[in-house]
$ cat final_26.cif   # mmCIF, C-alpha atoms
data_entry
#
loop_
_atom_site.group_PDB
_atom_site.id
_atom_site.type_symbol
_atom_site.label_atom_id
_atom_site.label_comp_id
_atom_site.auth_asym_id
_atom_site.auth_seq_id
_atom_site.Cartn_x
_atom_site.Cartn_y
_atom_site.Cartn_z
ATOM 1 C CA MET G 1 -61.763 14.054 25.029
ATOM 2 C CA ASP G 2 -61.314 10.569 26.504
ATOM 3 C CA VAL G 3 -58.473 8.490 25.118
ATOM 4 C CA ASN G 4 -58.641 4.750 25.447
ATOM 5 C CA PRO G 5 -55.211 3.649 26.742
ATOM 6 C CA ALA G 6 -55.677 0.214 25.207
ATOM 7 C CA ALA G 7 -56.018 1.783 21.745
ATOM 8 C CA SER G 8 -52.545 3.341 21.981
ATOM 9 C CA GLU G 9 -50.887 0.025 22.819
ATOM 10 C CA PRO G 10 -48.753 -1.364 19.958
ATOM 11 C CA VAL G 11 -50.151 -4.390 18.200
ATOM 12 C CA LEU G 12 -47.744 -7.329 18.336
ATOM 13 C CA LEU G 13 -47.645 -9.287 15.108
ATOM 14 C CA PRO G 14 -46.613 -12.942 15.034
ATOM 15 C CA GLU G 15 -42.973 -13.641 14.255
ATOM 16 C CA PRO G 16 -42.598 -14.325 10.517
ATOM 17 C CA LYS G 17 -41.377 -17.772 9.551
ATOM 18 C CA ARG G 18 -37.819 -17.693 8.238
ATOM 19 C CA LEU G 19 -38.096 -19.274 4.818
ATOM 20 C CA GLY G 20 -35.633 -17.205 2.806
ATOM 21 C CA ALA G 21 -36.200 -13.890 1.048
ATOM 22 C CA LEU G 22 -37.911 -15.350 -2.015
ATOM 23 C CA SER G 23 -40.381 -17.402 0.019
ATOM 24 C CA ARG G 24 -41.290 -14.471 2.283
ATOM 25 C CA LEU G 25 -41.662 -11.859 -0.444
ATOM 26 C CA ALA G 26 -43.035 -13.892 -3.361
ATOM 27 C CA PRO G 27 -46.799 -13.620 -3.850
ATOM 28 C CA GLU G 28 -48.935 -16.756 -3.943
ATOM 29 C CA PRO G 29 -48.972 -16.985 -7.788
ATOM 30 C CA MET G 30 -45.162 -17.028 -7.738
ATOM 31 C CA LYS G 31 -45.196 -19.920 -5.244
ATOM 32 C CA VAL G 32 -47.510 -21.783 -7.613
ATOM 33 C CA VAL G 33 -44.952 -21.249 -10.367
ATOM 34 C CA LEU G 34 -42.145 -22.496 -8.096
ATOM 35 C CA ASN G 35 -44.083 -25.682 -7.305
ATOM 36 C CA TRP G 36 -44.888 -26.106 -11.005
ATOM 37 C CA GLY G 37 -41.178 -25.917 -11.807
ATOM 38 C CA ARG G 38 -40.305 -28.457 -9.114
ATOM 39 C CA ARG G 39 -42.884 -31.004 -10.177
ATOM 40 C CA TYR G 40 -41.813 -31.017 -13.829
ATOM 41 C CA SER G 41 -38.027 -31.037 -13.370
ATOM 42 C CA LEU G 42 -37.340 -33.994 -11.087
ATOM 43 C CA TRP G 43 -33.822 -35.337 -11.437
ATOM 44 C CA VAL G 44 -33.931 -38.961 -10.274
ATOM 45 C CA PHE G 45 -31.288 -40.751 -8.238
ATOM 46 C CA ASN G 46 -32.069 -44.456 -8.689
ATOM 47 C CA PHE G 47 -31.037 -46.452 -5.635
ATOM 48 C CA GLY G 48 -31.528 -49.880 -7.212
ATOM 49 C CA LEU G 49 -30.921 -52.750 -4.808
ATOM 50 C CA ALA G 50 -32.655 -55.750 -6.406
ATOM 51 C CA CYS G 51 -35.022 -56.846 -9.176
ATOM 52 C CA CYS G 52 -37.338 -53.804 -8.869
ATOM 53 C CA ALA G 53 -34.508 -51.731 -10.312
ATOM 54 C CA ILE G 54 -35.018 -53.520 -13.652
ATOM 55 C CA GLU G 55 -38.623 -52.264 -13.704
ATOM 56 C CA PHE G 56 -37.355 -48.745 -13.006
ATOM 57 C CA ILE G 57 -35.029 -49.033 -16.012
ATOM 58 C CA ALA G 58 -37.947 -50.256 -18.137
ATOM 59 C CA ALA G 59 -39.989 -47.212 -17.096
ATOM 60 C CA SER G 60 -37.207 -44.907 -18.259
ATOM 61 C CA MET G 61 -36.880 -46.531 -21.687
ATOM 62 C CA ALA G 62 -38.697 -45.529 -24.891
ATOM 63 C CA ARG G 63 -41.841 -47.653 -24.391
ATOM 64 C CA HIS G 64 -42.913 -45.919 -21.152
ATOM 65 C CA ASP G 65 -40.653 -42.835 -21.380
ATOM 66 C CA PHE G 66 -41.209 -41.033 -18.103
ATOM 67 C CA ILE G 67 -39.121 -38.116 -19.402
ATOM 68 C CA ARG G 68 -42.386 -36.884 -20.970
ATOM 69 C CA LEU G 69 -43.662 -36.399 -17.407
ATOM 70 C CA GLY G 70 -40.754 -34.081 -16.586
ATOM 71 C CA VAL G 71 -38.669 -36.749 -14.843
ATOM 72 C CA ILE G 72 -35.001 -36.905 -15.814
ATOM 73 C CA PRO G 73 -33.484 -40.322 -15.039
ATOM 74 C CA PHE G 74 -29.991 -41.075 -13.782
ATOM 75 C CA ALA G 75 -28.770 -37.921 -12.063
ATOM 76 C CA PRO G 76 -24.957 -37.791 -11.837
ATOM 77 C CA GLY G 77 -25.141 -38.189 -8.066
ATOM 78 C CA PRO G 78 -27.208 -37.367 -4.974
ATOM 79 C CA ARG G 79 -26.076 -33.724 -4.897
ATOM 80 C CA GLN G 80 -27.713 -33.147 -8.290
ATOM 81 C CA ALA G 81 -30.906 -35.118 -7.537
ATOM 82 C CA ASP G 82 -34.379 -34.064 -6.418
ATOM 83 C CA LEU G 83 -35.967 -37.512 -6.192
ATOM 84 C CA MET G 84 -34.597 -40.779 -4.812
ATOM 85 C CA VAL G 85 -36.298 -43.973 -5.982
ATOM 86 C CA VAL G 86 -35.413 -46.825 -3.618
ATOM 87 C CA SER G 87 -36.123 -50.086 -5.428
ATOM 88 C CA GLY G 88 -35.258 -53.436 -3.906
ATOM 89 C CA THR G 89 -34.438 -55.021 -0.575
ATOM 90 C CA VAL G 90 -32.864 -52.646 1.944
ATOM 91 C CA THR G 91 -30.621 -54.585 4.301
ATOM 92 C CA ASP G 92 -29.355 -53.384 7.654
ATOM 93 C CA LYS G 93 -25.849 -53.264 6.189
ATOM 94 C CA MET G 94 -27.009 -51.028 3.307
ATOM 95 C CA ALA G 95 -29.180 -48.753 5.482
ATOM 96 C CA PRO G 96 -26.354 -46.353 6.496
ATOM 97 C CA ALA G 97 -25.474 -45.802 2.821
ATOM 98 C CA VAL G 98 -29.121 -45.076 1.935
ATOM 99 C CA LYS G 99 -29.397 -42.540 4.736
ATOM 100 C CA ARG G 100 -26.074 -40.879 3.968
ATOM 101 C CA LEU G 101 -26.903 -40.452 0.282
ATOM 102 C CA TYR G 102 -30.338 -39.077 1.200
ATOM 103 C CA GLU G 103 -28.682 -36.511 3.476
ATOM 104 C CA GLN G 104 -26.446 -35.408 0.583
ATOM 105 C CA MET G 105 -29.457 -34.488 -1.589
ATOM 106 C CA PRO G 106 -30.351 -30.762 -1.571
ATOM 107 C CA GLU G 107 -33.748 -29.516 -0.418
ATOM 108 C CA PRO G 108 -36.461 -29.853 -1.544
ATOM 109 C CA LYS G 109 -36.022 -33.610 -1.930
ATOM 110 C CA TYR G 110 -38.474 -36.462 -2.306
ATOM 111 C CA VAL G 111 -38.444 -40.253 -1.963
ATOM 112 C CA ILE G 112 -40.451 -42.949 -3.748
ATOM 113 C CA SER G 113 -40.387 -46.414 -2.203
ATOM 114 C CA PHE G 114 -40.731 -48.757 -5.175
ATOM 115 C CA GLY G 115 -41.784 -52.342 -4.516
ATOM 116 C CA ALA G 116 -42.767 -54.516 -1.580
ATOM 117 C CA CYS G 117 -39.199 -55.056 -0.376
ATOM 118 C CA SER G 118 -38.546 -51.334 -0.103
ATOM 119 C CA ASN G 119 -41.987 -50.710 1.424
ATOM 120 C CA CYS G 120 -41.920 -53.280 4.223
ATOM 121 C CA GLY G 121 -39.245 -55.915 3.593
ATOM 122 C CA GLY G 122 -41.371 -57.935 1.142
ATOM 123 C CA PRO G 123 -40.934 -61.713 1.186
ATOM 124 C CA TYR G 124 -37.757 -61.265 3.251
ATOM 125 C CA TRP G 125 -39.345 -59.203 6.034
ATOM 126 C CA ASP G 126 -38.596 -61.830 8.700
ATOM 127 C CA SER G 127 -34.904 -62.079 7.852
ATOM 128 C CA TYR G 128 -32.494 -60.962 10.558
ATOM 129 C CA SER G 129 -30.584 -58.783 8.053
ATOM 130 C CA VAL G 130 -33.478 -56.991 6.272
ATOM 131 C CA THR G 131 -34.695 -53.501 7.193
ATOM 132 C CA LYS G 132 -38.483 -53.555 7.585
ATOM 133 C CA GLY G 133 -39.057 -50.759 5.089
ATOM 134 C CA VAL G 134 -36.921 -47.856 3.944
ATOM 135 C CA ASP G 135 -39.172 -45.505 5.928
ATOM 136 C CA GLN G 136 -37.411 -46.795 9.042
ATOM 137 C CA ILE G 137 -34.387 -44.670 8.079
ATOM 138 C CA ILE G 138 -35.571 -41.886 5.715
ATOM 139 C CA PRO G 139 -38.952 -40.168 5.117
ATOM 140 C CA VAL G 140 -40.958 -41.537 2.174
ATOM 141 C CA ASP G 141 -43.386 -39.463 0.092
ATOM 142 C CA VAL G 142 -44.986 -42.133 -2.147
ATOM 143 C CA TYR G 143 -45.211 -45.928 -1.776
ATOM 144 C CA VAL G 144 -45.568 -48.054 -4.930
ATOM 145 C CA PRO G 145 -46.750 -51.610 -4.073
ATOM 146 C CA GLY G 146 -45.964 -54.759 -6.043
ATOM 147 C CA CYS G 147 -43.449 -57.571 -6.290
ATOM 148 C CA PRO G 148 -42.145 -56.312 -8.607
ATOM 149 C CA PRO G 149 -44.396 -53.423 -9.647
ATOM 150 C CA ARG G 150 -44.937 -52.871 -13.342
ATOM 151 C CA PRO G 151 -43.419 -49.751 -14.948
ATOM 152 C CA GLU G 152 -46.940 -48.293 -15.199
ATOM 153 C CA ALA G 153 -47.147 -48.408 -11.404
ATOM 154 C CA LEU G 154 -44.025 -46.259 -11.153
ATOM 155 C CA LEU G 155 -45.553 -43.782 -13.606
ATOM 156 C CA GLN G 156 -48.634 -43.538 -11.397
ATOM 157 C CA GLY G 157 -46.417 -43.061 -8.335
ATOM 158 C CA ILE G 158 -44.626 -40.202 -10.088
ATOM 159 C CA LEU G 159 -47.960 -38.572 -10.942
ATOM 160 C CA LYS G 160 -49.040 -38.873 -7.285
ATOM 161 C CA LEU G 161 -45.777 -37.256 -6.191
ATOM 162 C CA GLN G 162 -46.276 -34.423 -8.673
ATOM 163 C CA GLU G 163 -49.770 -33.831 -7.300
ATOM 164 C CA LYS G 164 -48.284 -33.656 -3.812
ATOM 165 C CA ILE G 165 -45.618 -31.162 -4.928
ATOM 166 C CA ALA G 166 -48.285 -28.974 -6.590
ATOM 167 C CA ARG G 167 -50.156 -28.722 -3.239
ATOM 168 C CA GLU G 168 -46.996 -28.165 -1.225
ATOM 169 C CA SER G 169 -46.748 -25.216 1.130
ATOM 170 C CA LEU G 170 -43.254 -23.893 1.735
ATOM 171 C CA GLY G 171 -44.327 -22.628 5.145
ATOM 172 C CA GLU G 172 -45.502 -26.059 6.271
ATOM 173 C CA ARG G 173 -42.451 -27.825 4.869
ATOM 174 C CA TYR G 174 -39.735 -25.497 6.183
ATOM 175 C CA GLY G 175 -41.355 -23.131 8.673
ATOM 176 C CA SER G 176 -41.430 -25.526 11.626
ATOM 177 C CA ALA G 177 -37.673 -26.076 11.626
ATOM 178 C CA GLY G 178 -37.130 -23.367 14.257
ATOM 179 C CA GLY G 179 -33.915 -21.942 12.820
ATOM 180 C CA ARG G 180 -30.793 -23.562 11.518
ATOM 181 C CA PRO G 181 -30.141 -27.136 12.694
ATOM 182 C CA SER G 182 -27.142 -27.756 14.876
ATOM 183 C CA ALA G 183 -24.057 -29.555 13.631
ATOM 184 C CA ALA G 184 -24.931 -32.539 15.820
ATOM 185 C CA ALA G 185 -28.394 -32.773 14.230
ATOM 186 C CA LEU G 186 -26.856 -32.940 10.761
ATOM 187 C CA ARG G 187 -24.628 -35.897 11.577
ATOM 188 C CA SER G 188 -25.968 -39.340 10.778
ATOM 189 C CA GLY G 189 -26.595 -41.456 13.835
ATOM 190 C CA LEU G 190 -26.069 -44.688 11.908
ATOM 191 C CA VAL G 191 -22.374 -44.414 11.060
ATOM 192 C CA ARG G 192 -20.036 -43.848 13.984
ATOM 193 C CA PRO G 193 -16.250 -43.659 13.966
ATOM 194 C CA PRO G 194 -14.476 -46.698 15.417
ATOM 195 C CA ALA G 195 -13.601 -46.431 19.079
ATOM 196 C CA PRO G 196 -9.858 -46.280 19.829
ATOM 197 C CA ALA G 197 -8.363 -49.530 21.012
ATOM 198 C CA ALA G 198 -7.274 -49.877 24.623
ATOM 199 C CA GLY G 199 -3.859 -48.343 25.118
ATOM 200 C CA GLU G 200 -3.812 -46.707 21.700
ATOM 201 C CA GLY G 201 -2.067 -43.334 21.618
ATOM 202 C CA GLU G 202 -0.050 -43.929 24.783
ATOM 203 C CA ASP G 203 3.698 -43.413 24.733
ATOM 204 C CA ARG G 204 5.627 -46.634 24.998
#
$ encode --input "final_26.cif" --output "structure tokens"
Amino acid sequence: MDVNPAASEPVLLPEPKRLGALSRLAPEPMKVVLNWGRRYSLWVFNFGLACCAIEFIAASMARHDFIRLGVIPFAPGPRQADLMVVSGTVTDKMAPAVKRLYEQMPEPKYVISFGACSNCGGPYWDSYSVTKGVDQIIPVDVYVPGCPPRPEALLQGILKLQEKIARESLGERYGSAGGRPSAAALRSGLVRPPAPAAGEGEDR
């Protein structure tokens, strides 16, 4: 009886993506339920910088009431938030604070850029002190145009974000990380400690 040596060779399977026990073991219907829970329980951290923030407040009031969409306004802080809404003009001086607060939000986290100033600098894009869009410093999921946008535009942006969350694949979002990030990768590159002055620390 002839034995094919190639048939006895072990079959090498691809290395599984490290996504956590629940993500690896949960069947696809369970992942649908997880995405459903994320899309309808968005705690919002409002980073209001200018007049667009007033439209955000209007969207959260009784007339528009985006709580009915599963969006909870005014999270206590970034560590309790799932969604950051950046509304208003982002200046170069404010950019480190925006990035630092974004880094403090737990995963999964999302960003809506609300208004022309947040999208691209708006009417102040050519100013020396204005950041040309918040996407220069943090990733943005949904852009809402307008100067300022109406509250209905923010509601549509939230619906678009919820559609994106419903289609989200945990493998695509977290699988390409390649392991745990290093400590250096977690530090913000925008805020650096002051350099010691010349002669500082020397015995006199």
$ resolve_selection --input "final_26.cif" --expression "the PyMOL selection byres ((chain G and resi 136) around 12)" --output "ChimeraX atom specification"
/G:90-92,95-96,98-99,113,118-121,130-135,137-140,190
$ atom_distance --input "final_26.cif" --atom1 "CA of Pro148 (chain G)" --atom2 "CA of Phe114 (chain G)"
8.4 Å
$ residues_around --input "final_26.cif" --residues "Leu154 (chain G)" --least-positions-apart "2" --cutoff "9 Å" --atoms "all atoms listed in the file" --output "list in words"
Glu55, Phe56, Ala59, Ile112, Phe114, Val144, Pro149, Arg150, Pro151, Glu152, Gln156, Gly157, Ile158 and Leu159 of chain G
$ write_last_selection --input "final_26.cif" --atoms "C-alpha atoms" --output "PDB file, in the frame of the given file"
ATOM      1  CA  GLU G  55     -38.623 -52.264 -13.704  1.00  0.00           C
ATOM      2  CA  PHE G  56     -37.355 -48.745 -13.006  1.00  0.00           C
ATOM      3  CA  ALA G  59     -39.989 -47.212 -17.096  1.00  0.00           C
ATOM      4  CA  ILE G 112     -40.451 -42.949  -3.748  1.00  0.00           C
ATOM      5  CA  PHE G 114     -40.731 -48.757  -5.175  1.00  0.00           C
ATOM      6  CA  VAL G 144     -45.568 -48.054  -4.930  1.00  0.00           C
ATOM      7  CA  PRO G 149     -44.396 -53.423  -9.647  1.00  0.00           C
ATOM      8  CA  ARG G 150     -44.937 -52.871 -13.342  1.00  0.00           C
ATOM      9  CA  PRO G 151     -43.419 -49.751 -14.948  1.00  0.00           C
ATOM     10  CA  GLU G 152     -46.940 -48.293 -15.199  1.00  0.00           C
ATOM     11  CA  GLN G 156     -48.634 -43.538 -11.397  1.00  0.00           C
ATOM     12  CA  GLY G 157     -46.417 -43.061  -8.335  1.00  0.00           C
ATOM     13  CA  ILE G 158     -44.626 -40.202 -10.088  1.00  0.00           C
ATOM     14  CA  LEU G 159     -47.960 -38.572 -10.942  1.00  0.00           C
TER      15      LEU G 159
END
$ atom_distance --input "final_26.cif" --atom1 "CA of Leu42 (chain G)" --atom2 "CA of Gly146 (chain G)"
23.0 Å
$ residues_around --input "final_26.cif" --residues "Trp36 (chain G)" --least-positions-apart "5" --cutoff "12 Å" --atoms "only C-alpha atoms" --output "ChimeraX atom specification"
/G:29-31,41-42,70,162-168
$ atom_distance --input "final_26.cif" --atom1 "CA of Gly37 (chain G)" --atom2 "CA of Arg100 (chain G)"
26.5 Å
$ closest_residue --input "final_26.cif" --among "G:Ile67, G:Val44, G:Ile72, G:Ala116" --to "Val85 (chain G)" --atoms "only C-alpha atoms"
G:Val44
$ residues_near_point --input "final_26.cif" --point "(-33.3, -38.6, -8.7)" --cutoff "9 Å" --atoms "all atoms listed in the file" --output "number ranges by chain"
G: 42-47, 71-78, 80-85, 109-111
$ decode --input "final_26.cif" --residues "region 141-156 of chain G" --atoms "N, CA, C and O atoms" --output "compact mmCIF listing (two decimals), in the first residue's frame"
# COMPACT_ATOMS: atom_id res chain seq x y z
N ASP G 141 -14.83 59.65 12.25
CA ASP G 141 -15.72 58.66 11.65
C ASP G 141 -16.78 59.29 10.76
O ASP G 141 -17.10 58.75 9.70
N VAL G 142 -17.37 60.41 11.18
CA VAL G 142 -18.45 61.06 10.42
C VAL G 142 -18.19 62.56 10.40
O VAL G 142 -17.87 63.16 11.44
N TYR G 143 -18.33 63.17 9.22
CA TYR G 143 -18.23 64.62 9.05
C TYR G 143 -19.64 65.18 8.83
O TYR G 143 -20.37 64.69 7.98
N VAL G 144 -19.99 66.22 9.59
CA VAL G 144 -21.28 66.90 9.42
C VAL G 144 -20.98 68.30 8.90
O VAL G 144 -20.42 69.12 9.61
N PRO G 145 -21.33 68.63 7.64
CA PRO G 145 -21.01 69.95 7.09
C PRO G 145 -22.02 71.00 7.54
O PRO G 145 -23.12 70.69 7.98
N GLY G 146 -21.62 72.27 7.38
CA GLY G 146 -22.52 73.37 7.71
C GLY G 146 -21.81 74.42 8.54
O GLY G 146 -20.79 74.14 9.18
N CYS G 147 -22.36 75.63 8.53
CA CYS G 147 -21.74 76.73 9.26
C CYS G 147 -22.83 77.66 9.82
O CYS G 147 -23.11 78.69 9.21
N PRO G 148 -23.42 77.37 10.98
CA PRO G 148 -23.31 76.08 11.66
C PRO G 148 -24.34 75.11 11.12
O PRO G 148 -25.34 75.52 10.54
N PRO G 149 -24.13 73.80 11.30
CA PRO G 149 -25.15 72.84 10.88
C PRO G 149 -26.38 72.94 11.77
O PRO G 149 -26.28 73.31 12.94
N ARG G 150 -27.52 72.60 11.21
CA ARG G 150 -28.74 72.55 12.01
C ARG G 150 -28.73 71.30 12.90
O ARG G 150 -28.01 70.34 12.61
N PRO G 151 -29.50 71.30 13.98
CA PRO G 151 -29.55 70.09 14.82
C PRO G 151 -29.96 68.84 14.04
O PRO G 151 -29.48 67.74 14.35
N GLU G 152 -30.82 69.00 13.02
CA GLU G 152 -31.21 67.84 12.22
C GLU G 152 -30.01 67.22 11.51
O GLU G 152 -29.98 66.01 11.27
N ALA G 153 -29.03 68.04 11.15
CA ALA G 153 -27.83 67.51 10.50
C ALA G 153 -27.04 66.63 11.47
O ALA G 153 -26.48 65.60 11.07
N LEU G 154 -26.99 67.03 12.74
CA LEU G 154 -26.31 66.19 13.72
C LEU G 154 -27.05 64.87 13.91
O LEU G 154 -26.42 63.81 14.04
N LEU G 155 -28.39 64.91 13.91
CA LEU G 155 -29.15 63.67 14.02
C LEU G 155 -28.84 62.74 12.86
O LEU G 155 -28.69 61.52 13.05
N GLN G 156 -28.73 63.29 11.65
CA GLN G 156 -28.39 62.45 10.50
C GLN G 156 -26.97 61.90 10.63
O GLN G 156 -26.72 60.73 10.29
